[in-house]
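Shown below: upload.txt, with compact mmCIF, C-alpha atoms.
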```txt
# COMPACT_ATOMS: atom_id res chain seq x y z
CA MET S 1 -12.76 33.79 43.84
CA GLU S 2 -9.91 31.39 44.64
CA ILE S 3 -12.36 29.05 46.33
CA ILE S 4 -14.57 28.91 43.25
CA LYS S 5 -11.57 28.32 41.02
CA THR S 6 -10.39 25.44 43.20
CA LEU S 7 -13.89 23.98 43.26
CA SER S 8 -14.00 24.09 39.46
CA ILE S 9 -10.72 22.21 39.21
CA TYR S 10 -11.70 19.46 41.66
CA ALA S 11 -15.34 19.14 40.55
CA VAL S 12 -14.81 16.52 37.85
CA PRO S 13 -12.49 14.22 39.83
CA ALA S 14 -14.83 14.53 42.82
CA ILE S 15 -17.87 13.56 40.69
CA PHE S 16 -15.97 10.56 39.30
CA LEU S 17 -14.97 9.34 42.75
CA ALA S 18 -18.41 9.94 44.27
CA ILE S 19 -20.18 8.00 41.52
CA LEU S 20 -17.68 5.13 41.65
CA ALA S 21 -17.93 5.01 45.43
CA ALA S 22 -21.72 4.87 45.26
CA GLY S 23 -21.48 2.03 42.75
CA VAL S 24 -19.07 0.03 44.88
CA TYR S 25 -21.19 0.66 47.98
CA LYS S 26 -24.26 -0.77 46.25
CA ASP S 27 -22.20 -3.73 44.99
CA ILE S 28 -22.60 -2.85 41.30
CA LYS S 29 -20.37 -4.25 38.55
CA VAL S 30 -19.18 -0.73 37.77
CA TYR S 31 -17.34 -1.46 34.51
CA ASP S 32 -20.19 -3.44 32.94
CA VAL S 33 -22.74 -0.81 33.92
CA PHE S 34 -20.45 1.93 32.58
CA VAL S 35 -20.09 0.27 29.18
CA GLU S 36 -23.81 -0.35 28.97
CA GLY S 37 -24.50 3.33 29.67
CA ALA S 38 -21.79 4.54 27.29
CA LYS S 39 -23.60 2.82 24.40
CA GLU S 40 -26.49 5.19 24.96
CA GLY S 41 -24.16 8.13 24.23
CA ILE S 42 -23.50 6.96 20.66
CA SER S 43 -27.16 6.85 19.62
CA THR S 44 -27.80 10.27 21.18
CA ILE S 45 -24.97 11.87 19.21
CA ILE S 46 -26.13 10.24 15.97
CA ARG S 47 -29.60 11.69 16.53
CA ILE S 48 -28.18 15.21 17.02
CA ILE S 49 -26.30 15.38 13.71
CA PRO S 50 -29.24 16.03 11.31
CA SER S 51 -30.72 18.92 13.30
CA LEU S 52 -27.31 20.45 13.91
CA VAL S 53 -26.45 20.31 10.18
CA GLY S 54 -29.77 22.00 9.34
CA LEU S 55 -29.31 24.72 11.89
CA LEU S 56 -25.66 25.55 11.26
CA VAL S 57 -26.20 25.70 7.49
CA ALA S 58 -29.05 28.20 7.92
CA VAL S 59 -26.94 30.32 10.29
CA GLY S 60 -23.93 30.14 7.95
CA VAL S 61 -26.00 31.25 4.93
CA PHE S 62 -27.71 34.02 6.88
CA ARG S 63 -24.41 35.47 8.09
CA ALA S 64 -22.32 35.09 4.93
CA SER S 65 -24.99 36.74 2.76
CA GLY S 66 -25.01 39.94 4.80
CA ALA S 67 -28.63 39.41 5.86
CA LEU S 68 -27.60 39.59 9.52
CA ASP S 69 -25.96 42.98 8.92
CA LEU S 70 -29.21 44.20 7.36
CA LEU S 71 -31.17 43.02 10.38
CA ILE S 72 -28.80 44.83 12.73
CA TYR S 73 -29.04 48.00 10.64
CA ALA S 74 -32.84 47.83 10.74
CA ALA S 75 -32.81 47.40 14.50
CA SER S 76 -30.50 50.29 15.36
CA PRO S 77 -33.34 52.76 16.14
CA LEU S 78 -34.71 50.22 18.62
CA ALA S 79 -31.31 50.01 20.30
CA SER S 80 -31.23 53.70 21.16
CA ILE S 81 -34.60 53.37 22.92
CA PHE S 82 -33.10 50.81 25.31
CA ASN S 83 -29.73 52.64 25.60
CA ILE S 84 -27.86 49.77 23.99
CA PRO S 85 -24.56 51.13 22.62
CA SER S 86 -24.51 50.74 18.84
CA GLU S 87 -21.18 48.88 19.01
CA ALA S 88 -22.81 46.21 21.19
CA LEU S 89 -25.88 45.78 19.00
CA PRO S 90 -24.49 43.24 16.51
CA LEU S 91 -23.57 41.01 19.45
CA ALA S 92 -27.12 41.15 20.79
CA PHE S 93 -28.29 39.56 17.54
CA LEU S 94 -25.38 37.21 17.02
CA ARG S 95 -25.23 35.81 20.58
CA PRO S 96 -28.38 33.63 20.41
CA ILE S 97 -27.47 32.37 16.92
CA SER S 98 -23.79 31.47 16.95
CA GLY S 99 -21.41 31.00 19.86
CA SER S 100 -18.14 30.94 17.93
CA ALA S 101 -19.09 33.96 15.80
CA SER S 102 -20.07 35.95 18.91
CA LEU S 103 -16.78 35.14 20.58
CA ALA S 104 -14.92 36.38 17.49
CA LEU S 105 -17.02 39.55 17.52
CA VAL S 106 -16.42 40.15 21.24
CA SER S 107 -12.67 39.71 20.81
CA ASP S 108 -12.76 42.21 17.96
CA VAL S 109 -14.83 44.82 19.84
CA ILE S 110 -12.58 44.45 22.89
CA LYS S 111 -9.51 44.90 20.76
CA VAL S 112 -10.87 48.08 19.16
CA HIS S 113 -12.40 49.75 22.25
CA GLY S 114 -10.20 48.23 24.96
CA PRO S 115 -11.27 45.62 27.52
CA ASP S 116 -11.66 48.20 30.30
CA SER S 117 -13.85 50.61 28.32
CA PHE S 118 -17.60 50.79 28.88
CA ILE S 119 -18.27 49.06 25.54
CA GLY S 120 -15.67 46.39 26.35
CA ARG S 121 -17.29 45.62 29.71
CA VAL S 122 -20.80 45.57 28.24
CA VAL S 123 -19.92 43.11 25.47
CA SER S 124 -18.01 40.94 27.98
CA THR S 125 -21.05 40.84 30.25
CA MET S 126 -23.41 40.10 27.37
CA MET S 127 -21.17 37.31 26.12
CA GLY S 128 -20.95 35.67 29.54
CA SER S 129 -24.56 35.95 30.58
CA THR S 130 -26.40 33.80 28.01
CA GLU S 131 -25.90 30.69 25.96
CA THR S 132 -26.30 30.11 22.22
CA ILE S 133 -30.06 29.54 22.15
CA PHE S 134 -30.36 28.05 18.66
CA TYR S 135 -27.55 25.57 19.26
CA THR S 136 -29.00 24.47 22.60
CA LEU S 137 -32.46 24.01 21.10
CA ALA S 138 -31.16 22.10 18.07
CA VAL S 139 -29.05 19.75 20.16
CA TYR S 140 -31.47 19.04 23.01
CA PHE S 141 -34.70 18.85 21.00
CA GLY S 142 -32.96 17.10 18.11
CA ALA S 143 -31.67 14.38 20.41
CA VAL S 144 -35.17 13.30 21.45
CA GLY S 145 -36.96 14.10 18.18
CA ILE S 146 -39.17 16.98 19.33
CA LYS S 147 -40.69 18.79 16.34
CA ASN S 148 -43.09 21.24 17.96
CA VAL S 149 -41.09 23.36 20.44
CA ARG S 150 -44.19 25.38 21.47
CA TYR S 151 -43.21 28.55 23.37
CA THR S 152 -39.65 27.47 24.21
CA LEU S 153 -37.91 29.70 21.65
CA ALA S 154 -40.05 32.71 22.58
CA ALA S 155 -39.32 32.29 26.30
CA ALA S 156 -35.59 31.85 25.66
CA LEU S 157 -35.46 34.95 23.45
CA ILE S 158 -37.34 37.02 26.04
CA ALA S 159 -34.81 35.96 28.70
CA ASP S 160 -31.99 36.77 26.28
CA PHE S 161 -33.39 40.24 25.56
CA VAL S 162 -33.61 40.94 29.30
CA SER S 163 -29.99 39.86 29.73
CA VAL S 164 -28.89 42.36 27.06
CA ILE S 165 -30.72 45.23 28.77
CA ALA S 166 -29.51 44.06 32.19
CA SER S 167 -25.91 43.94 30.92
CA VAL S 168 -26.00 47.55 29.78
CA TRP S 169 -27.71 48.68 32.98
CA ILE S 170 -25.49 46.81 35.46
CA CYS S 171 -22.26 47.85 33.73
CA GLY S 172 -23.38 51.46 33.88
CA ALA S 173 -24.32 51.09 37.54
CA VAL S 174 -21.14 49.29 38.63
CA PHE S 175 -18.42 50.83 36.47
CA GLY S 176 -20.07 54.06 35.30
CA SER S 177 -20.45 54.81 31.60
CA MET C 1 -42.12 27.96 14.64
CA LEU C 2 -38.64 26.55 13.97
CA ASN C 3 -39.86 25.53 10.49
CA TYR C 4 -40.60 29.13 9.55
CA ILE C 5 -37.42 30.53 11.08
CA TRP C 6 -35.29 27.95 9.34
CA LEU C 7 -37.00 28.52 6.00
CA GLY C 8 -36.81 32.29 6.44
CA MET C 9 -33.11 32.30 7.28
CA LEU C 10 -32.26 30.21 4.22
CA VAL C 11 -34.51 32.00 1.70
CA ILE C 12 -33.62 35.50 2.93
CA GLY C 13 -29.97 34.48 3.16
CA PHE C 14 -29.79 33.28 -0.44
CA ALA C 15 -31.84 36.23 -1.72
CA VAL C 16 -29.68 38.81 0.06
CA GLY C 17 -26.58 36.92 -1.02
CA ILE C 18 -27.63 37.18 -4.69
CA MET C 19 -28.39 40.90 -4.33
CA ASN C 20 -25.06 41.54 -2.61
CA GLY C 21 -23.16 39.56 -5.21
CA ARG C 22 -21.90 37.29 -2.43
CA ILE C 23 -23.54 34.13 -3.68
CA GLU C 24 -20.27 32.18 -3.94
CA ALA C 25 -19.39 33.00 -0.35
CA VAL C 26 -22.91 32.01 0.72
CA THR C 27 -22.68 28.65 -1.01
CA LYS C 28 -19.31 28.03 0.55
CA ALA C 29 -20.70 28.96 3.99
CA ALA C 30 -23.51 26.42 3.55
CA MET C 31 -21.08 23.60 2.72
CA ASP C 32 -18.60 24.56 5.47
CA SER C 33 -21.35 24.78 8.08
CA ALA C 34 -22.63 21.31 7.26
CA GLN C 35 -19.13 19.97 7.80
CA THR C 36 -18.69 21.92 11.04
CA ALA C 37 -21.94 20.47 12.38
CA VAL C 38 -20.71 16.91 11.93
CA GLN C 39 -17.29 17.74 13.37
CA LEU C 40 -18.95 19.27 16.42
CA SER C 41 -21.16 16.23 16.95
CA ILE C 42 -18.40 13.68 16.47
CA GLY C 43 -16.16 15.76 18.71
CA LEU C 44 -18.72 15.27 21.46
CA LEU C 45 -18.91 11.50 21.00
CA GLY C 46 -16.17 10.36 23.37
CA ILE C 47 -17.11 12.70 26.21
CA MET C 48 -20.76 11.87 25.70
CA CYS C 49 -20.09 8.14 26.12
CA LEU C 50 -17.93 8.81 29.17
CA TRP C 51 -20.68 10.74 30.96
CA THR C 52 -23.61 8.53 29.99
CA GLY C 53 -21.54 5.59 31.22
CA LEU C 54 -20.80 7.25 34.55
CA MET C 55 -24.41 8.42 34.84
CA ASN C 56 -25.55 4.85 34.40
CA ILE C 57 -23.51 3.86 37.46
CA ALA C 58 -24.86 6.88 39.36
CA GLU C 59 -28.41 5.90 38.44
CA LYS C 60 -28.13 2.19 39.20
CA SER C 61 -26.55 2.95 42.57
CA GLY C 62 -29.39 5.28 43.52
CA LEU C 63 -27.05 8.28 43.80
CA ILE C 64 -29.08 10.39 41.36
CA ARG C 65 -32.32 9.73 43.21
CA ARG C 66 -30.68 10.89 46.41
CA ILE C 67 -29.42 14.11 44.78
CA ALA C 68 -32.85 14.81 43.34
CA ARG C 69 -34.43 14.30 46.74
CA ALA C 70 -32.09 16.88 48.29
CA VAL C 71 -33.38 19.71 46.08
CA ARG C 72 -36.97 18.46 45.85
CA PRO C 73 -38.79 21.71 46.76
CA LEU C 74 -37.04 23.71 44.03
CA MET C 75 -37.55 20.93 41.49
CA ARG C 76 -41.22 20.61 42.38
CA PHE C 77 -41.67 24.31 41.64
CA LEU C 78 -39.74 24.26 38.36
CA PHE C 79 -40.92 20.87 37.07
CA PRO C 80 -44.32 20.17 38.62
CA GLU C 81 -45.22 17.55 35.97
CA VAL C 82 -42.21 15.34 36.67
CA PRO C 83 -42.92 12.63 39.27
CA GLN C 84 -40.79 12.79 42.41
CA ASN C 85 -37.78 10.45 42.44
CA HIS C 86 -37.87 10.26 38.64
CA PRO C 87 -34.33 9.88 37.21
CA ALA C 88 -34.93 12.95 35.00
CA LEU C 89 -34.75 15.20 38.08
CA GLY C 90 -31.36 13.84 39.06
CA ALA C 91 -29.98 14.37 35.56
CA ILE C 92 -31.38 17.91 35.48
CA VAL C 93 -29.72 18.77 38.79
CA MET C 94 -26.39 17.31 37.66
CA ASN C 95 -26.61 19.27 34.39
CA LEU C 96 -27.31 22.56 36.17
CA VAL C 97 -24.46 21.96 38.61
CA ALA C 98 -22.09 21.16 35.73
CA ASN C 99 -23.16 24.42 34.06
CA LEU C 100 -22.57 26.31 37.29
CA PHE C 101 -18.98 25.12 37.42
CA GLY C 102 -18.47 25.78 33.72
CA LEU C 103 -17.96 22.09 32.97
CA GLY C 104 -19.34 22.42 29.44
CA ASN C 105 -17.98 19.00 28.52
CA ALA C 106 -20.03 17.40 31.25
CA ALA C 107 -23.07 19.65 31.04
CA THR C 108 -24.14 18.75 27.49
CA PRO C 109 -24.12 14.95 27.95
CA LEU C 110 -25.89 15.30 31.30
CA GLY C 111 -28.46 17.60 29.70
CA LEU C 112 -29.04 15.13 26.87
CA LYS C 113 -29.53 12.42 29.45
CA ALA C 114 -32.10 14.63 31.17
CA MET C 115 -33.93 15.22 27.89
CA THR C 116 -34.02 11.48 27.17
CA GLU C 117 -35.56 10.88 30.61
CA LEU C 118 -38.06 13.72 30.15
CA GLN C 119 -39.08 12.30 26.78
CA LYS C 120 -40.00 9.00 28.48
CA ILE C 121 -42.72 10.76 30.49
CA ASN C 122 -43.74 13.13 27.68
CA PRO C 123 -47.37 12.42 26.70
CA ASP C 124 -46.84 13.73 23.16
CA LYS C 125 -43.50 12.58 21.71
CA ASP C 126 -43.39 15.20 18.92
CA THR C 127 -44.10 18.15 21.17
CA SER C 128 -42.05 19.77 23.89
CA SER C 129 -43.49 19.25 27.37
CA ASN C 130 -43.59 22.08 29.90
CA ALA C 131 -40.77 20.41 31.81
CA MET C 132 -38.61 20.24 28.65
CA SER C 133 -39.24 23.91 27.85
CA MET C 134 -38.33 24.92 31.40
CA PHE C 135 -35.16 22.85 31.25
CA LEU C 136 -34.14 24.34 27.89
CA VAL C 137 -34.73 27.92 29.00
CA LEU C 138 -32.76 27.32 32.21
CA ASN C 139 -29.92 26.02 30.06
CA THR C 140 -29.85 28.97 27.68
CA SER C 141 -29.60 31.39 30.62
CA ALA C 142 -27.50 29.15 32.83
CA ILE C 143 -25.51 30.76 35.60
CA GLN C 144 -21.79 30.10 35.48
CA LEU C 145 -19.64 30.88 38.50
CA ILE C 146 -16.46 31.50 36.51
CA PRO C 147 -17.03 32.61 32.90
CA ALA C 148 -13.58 31.34 31.93
CA THR C 149 -13.68 32.03 28.18
CA ILE C 150 -14.54 35.70 28.44
CA ILE C 151 -11.96 36.25 31.19
CA ALA C 152 -9.33 34.68 28.93
CA VAL C 153 -10.32 36.96 26.03
CA ARG C 154 -10.14 40.06 28.25
CA SER C 155 -6.82 39.05 29.71
CA ALA C 156 -5.38 38.43 26.23
CA ALA C 157 -6.50 41.94 25.25
CA GLY C 158 -4.49 43.39 28.15
CA SER C 159 -7.25 44.19 30.64
CA ARG C 160 -6.11 45.60 33.98
CA ASN C 161 -8.63 43.37 35.74
CA PRO C 162 -9.95 40.64 33.42
CA ALA C 163 -12.20 39.08 36.08
CA GLU C 164 -13.97 42.29 37.06
CA VAL C 165 -16.97 41.40 34.87
CA ILE C 166 -17.82 38.30 36.91
CA GLY C 167 -20.16 40.27 39.14
CA THR C 168 -21.95 42.00 36.29
CA ILE C 169 -22.29 38.68 34.45
CA TRP C 170 -23.88 37.11 37.55
CA VAL C 171 -26.42 39.92 37.78
CA ALA C 172 -27.26 39.82 34.05
CA THR C 173 -27.60 36.02 34.05
CA LEU C 174 -29.76 36.04 37.14
CA CYS C 175 -32.07 38.57 35.47
CA ALA C 176 -32.22 36.32 32.40
CA SER C 177 -32.89 33.15 34.44
CA ILE C 178 -35.67 34.72 36.49
CA THR C 179 -37.27 36.20 33.38
CA GLY C 180 -37.01 32.83 31.63
CA ILE C 181 -38.62 30.96 34.53
CA ILE C 182 -41.47 33.49 34.74
CA ALA C 183 -41.95 33.37 30.95
CA VAL C 184 -42.15 29.56 30.88
CA LYS C 185 -44.55 29.51 33.84
CA LEU C 186 -46.82 32.09 32.20
CA PHE C 187 -46.70 30.44 28.77
CA SER C 188 -47.48 27.02 30.23
CA MET C 189 -50.40 28.42 32.21
CA TYR C 190 -51.89 30.91 29.77
CA GLY C 191 -50.29 30.15 26.38
CA ARG C 192 -52.48 29.00 23.51
CA THR C 193 -50.42 25.85 23.20
CA LYS C 194 -51.43 23.84 26.24
CA GLN C 195 -49.69 20.59 26.98
CA LYS C 196 -51.55 17.47 25.91
CA GLY C 197 -53.79 16.25 28.67
CA GLY C 198 -54.50 19.93 29.29
CA THR C 199 -56.55 21.66 26.61
CA ALA C 200 -56.30 22.10 22.84
CA LYS C 201 -53.01 21.77 21.03
CA TRP C 202 -52.26 24.00 18.06
CA LYS C 203 -51.74 22.58 14.57
```
What's the structure tokens form of this structure?
Amino acid sequence: MEIIKTLSIYAVPAIFLAILAAGVYKDIKVYDVFVEGAKEGISTIIRIIPSLVGLLVAVGVFRASGALDLLIYAASPLASIFNIPSEALPLAFLRPISGSASLALVSDVIKVHGPDSFIGRVVSTMMGSTETIFYTLAVYFGAVGIKNVRYTLAAALIADFVSVIASVWICGAVFGS
Amino acid sequence: MLNYIWLGMLVIGFAVGIMNGRIEAVTKAAMDSAQTAVQLSIGLLGIMCLWTGLMNIAEKSGLIRRIARAVRPLMRFLFPEVPQNHPALGAIVMNLVANLFGLGNAATPLGLKAMTELQKINPDKDTSSNAMSMFLVLNTSAIQLIPATIIAVRSAAGSRNPAEVIGTIWVATLCASITGIIAVKLFSMYGRTKQKGGTAKWK
């Protein structure tokens, strides 16, 4: 674990130095090339804003109205089929939609049930094992102007569903429930 | 598909909000979210410029091509449509490595760079290519060596061993990644929405 932690700390400086060294080696005017590339960053960010506004507003409305709670309530019979603890179910729905809201939910569940309880370990594992799908899609597709995402969302949600089931299973297998 | 989901979330959200008598809170959430979106984007601006600038040096010096060449067999399996030595492959590798080390600040700009490169070789600019879909799904189930945020939350809540979930997170993520890769491969081979240059495209 210590090795990985150290690697994480030195990764960014190492990348900086490696890239600069490669530039110097190839006799590149590093500063000029850097500035030229940095300009590209501005236009990319500007292109993200509209899709991110659209997405976050829809998520905000859906959550604040209580519609998400309804969805979770409707899905609770399904959860028992897959052995998902009912306390972890809201997170399964929230995780793909909103990163900050899921983190708040995880903190809350951990506070109530304790971090070293079965529920606490399951929600921790669920939180750590996937990304916020809707945010990732909005940002990456928005940046290049893709309108038809084809099967991407379906594939991402399938993977997400498997990670939820895997989280419950592996926590039970490793820590016991 | 996103059109319907977006429409559905808004219409259902407002309808449920009216029924619950929470319509003021819903309106406020809409306005606040719009503001948050811009703050998020602008917050990314500086770091984004920093990494696209550095990536430009890495690209011009041929460093990215060399990195892509090192993991060519894996890349050829995951992204068969992308020509070898294409800069997109280098950016993809760098993005996945940044994700692995939990360098979120670096991963997003590198991923955006990869998407920009993939769009250059996309035959249909409005529609996601197989390579883009694979890249996106890999990103949503990306493996992270040290899930720092969740460890911090557990430690703040007084866990006896905050980092004990690292192993279970690795297993769950790996399951998700493998499922995602299989799903994308199957969809791109048998889905009804073939990539242009393949067969018919829907709508």
Item to complete: For S:Gly66, work out the shell of residues within 12 Å, counting only C-alpha atoms and skipping chain neighbours fewer than 5 positions away, then give it as a list of chain:residue names.
Response: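 Returned residues: S:Val59, S:Gly60, S:Val61, S:Leu71, S:Ile72, S:Tyr73, C:Met9, C:Ile12, C:Gly13, C:Phe14, C:Ala15, C:Val16, C:Gly17, C:Ile18, C:Met19, C:Asn20, C:Gly21, C:Arg22, C:Ile23, C:Ala25, C:Val26, C:Ala29.
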Fill in: atom CA of S:Thr125 to atom CA of C:Ile166, distance in Å rounded to a single decimal
7.8 Å
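Going from atom CA of S:Ser43 to atom CA of C:Ser33 covers 22.1 Å.
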Show me, as a short mmCIF file (atom, residue, chain, number, x, y, z; two decimals) with C-alpha atoms, keeping the file's coordinate frame, the residues that have an atom within 10 Å of stretch 81-83 of chain S when counting all atoms listed in the file, minus same-chain residues fewer than 5 positions from it.
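Produced file result.cif, reproduced below:
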```cif
data_model
loop_
_atom_site.label_atom_id
_atom_site.label_comp_id
_atom_site.auth_asym_id
_atom_site.auth_seq_id
_atom_site.Cartn_x
_atom_site.Cartn_y
_atom_site.Cartn_z
CA SER S 76 -30.50 50.29 15.36
CA VAL S 164 -28.89 42.36 27.06
CA ILE S 165 -30.72 45.23 28.77
CA VAL S 168 -26.00 47.55 29.78
CA TRP S 169 -27.71 48.68 32.98
#
```
Worksheet, complete the sentence: S:Leu17 proximity check over C:Gly8, C:Ile47, C:Leu118, C:Ala58, using only C-alpha atoms: winner is C:Ala58
Worksheet item: To one decimal place, how far is atom CA of C:Val97 from atom CA of S:Val174 in Å?
Response: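 Here the two named atoms are 27.5 Å from each other.
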Response to the item:
Among S:Ala18, S:Leu52, S:Leu89, S:Ala104, chain C is approached most closely, using only C-alpha atoms, by S:Leu52
Fill in: Top pick for closest residue to C:Ile146, considering C:Leu74, C:Met115, C:Ile169, C:Ala68 and counting all atoms listed in the file
C:Ile169
Worksheet entry | Selected residue of minimal separation from S:Arg150 among S:Leu137, S:Ile45, S:Leu94, S:Val162, counting only C-alpha atoms |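 Among the listed residues, S:Leu137 lies closest to S:Arg150.
Excluding S:Pro90 itself and same-chain residues fewer than 3 positions from it, the residues having an atom within 9 Å of it are S:Leu68, S:Asp69, S:Ile72, S:Tyr73, S:Ser86, S:Glu87, S:Phe93, S:Leu94, S:Arg95, S:Ser102, S:Leu105, counting only C-alpha atoms.
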Worksheet entry | Nearby residues (all atoms listed in the file) at most 10 Å from stretch 104-114 of chain C, same-chain spacing under 6 positions excluded, as a count of residues only | 39
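Nearest to S:Leu56 of all the residues C:Ile57, C:Asn122, C:Ile5, C:Ala30 is C:Ala30, counting only C-alpha atoms.
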Item to complete: For C:Lys60, please output as a list in words all residues within 9 Å (counting all atoms listed in the file; exclusion window: fewer than 6 positions along the same chain).
Response: Gly23, Lys26, Ile28 and Val33 of chain S
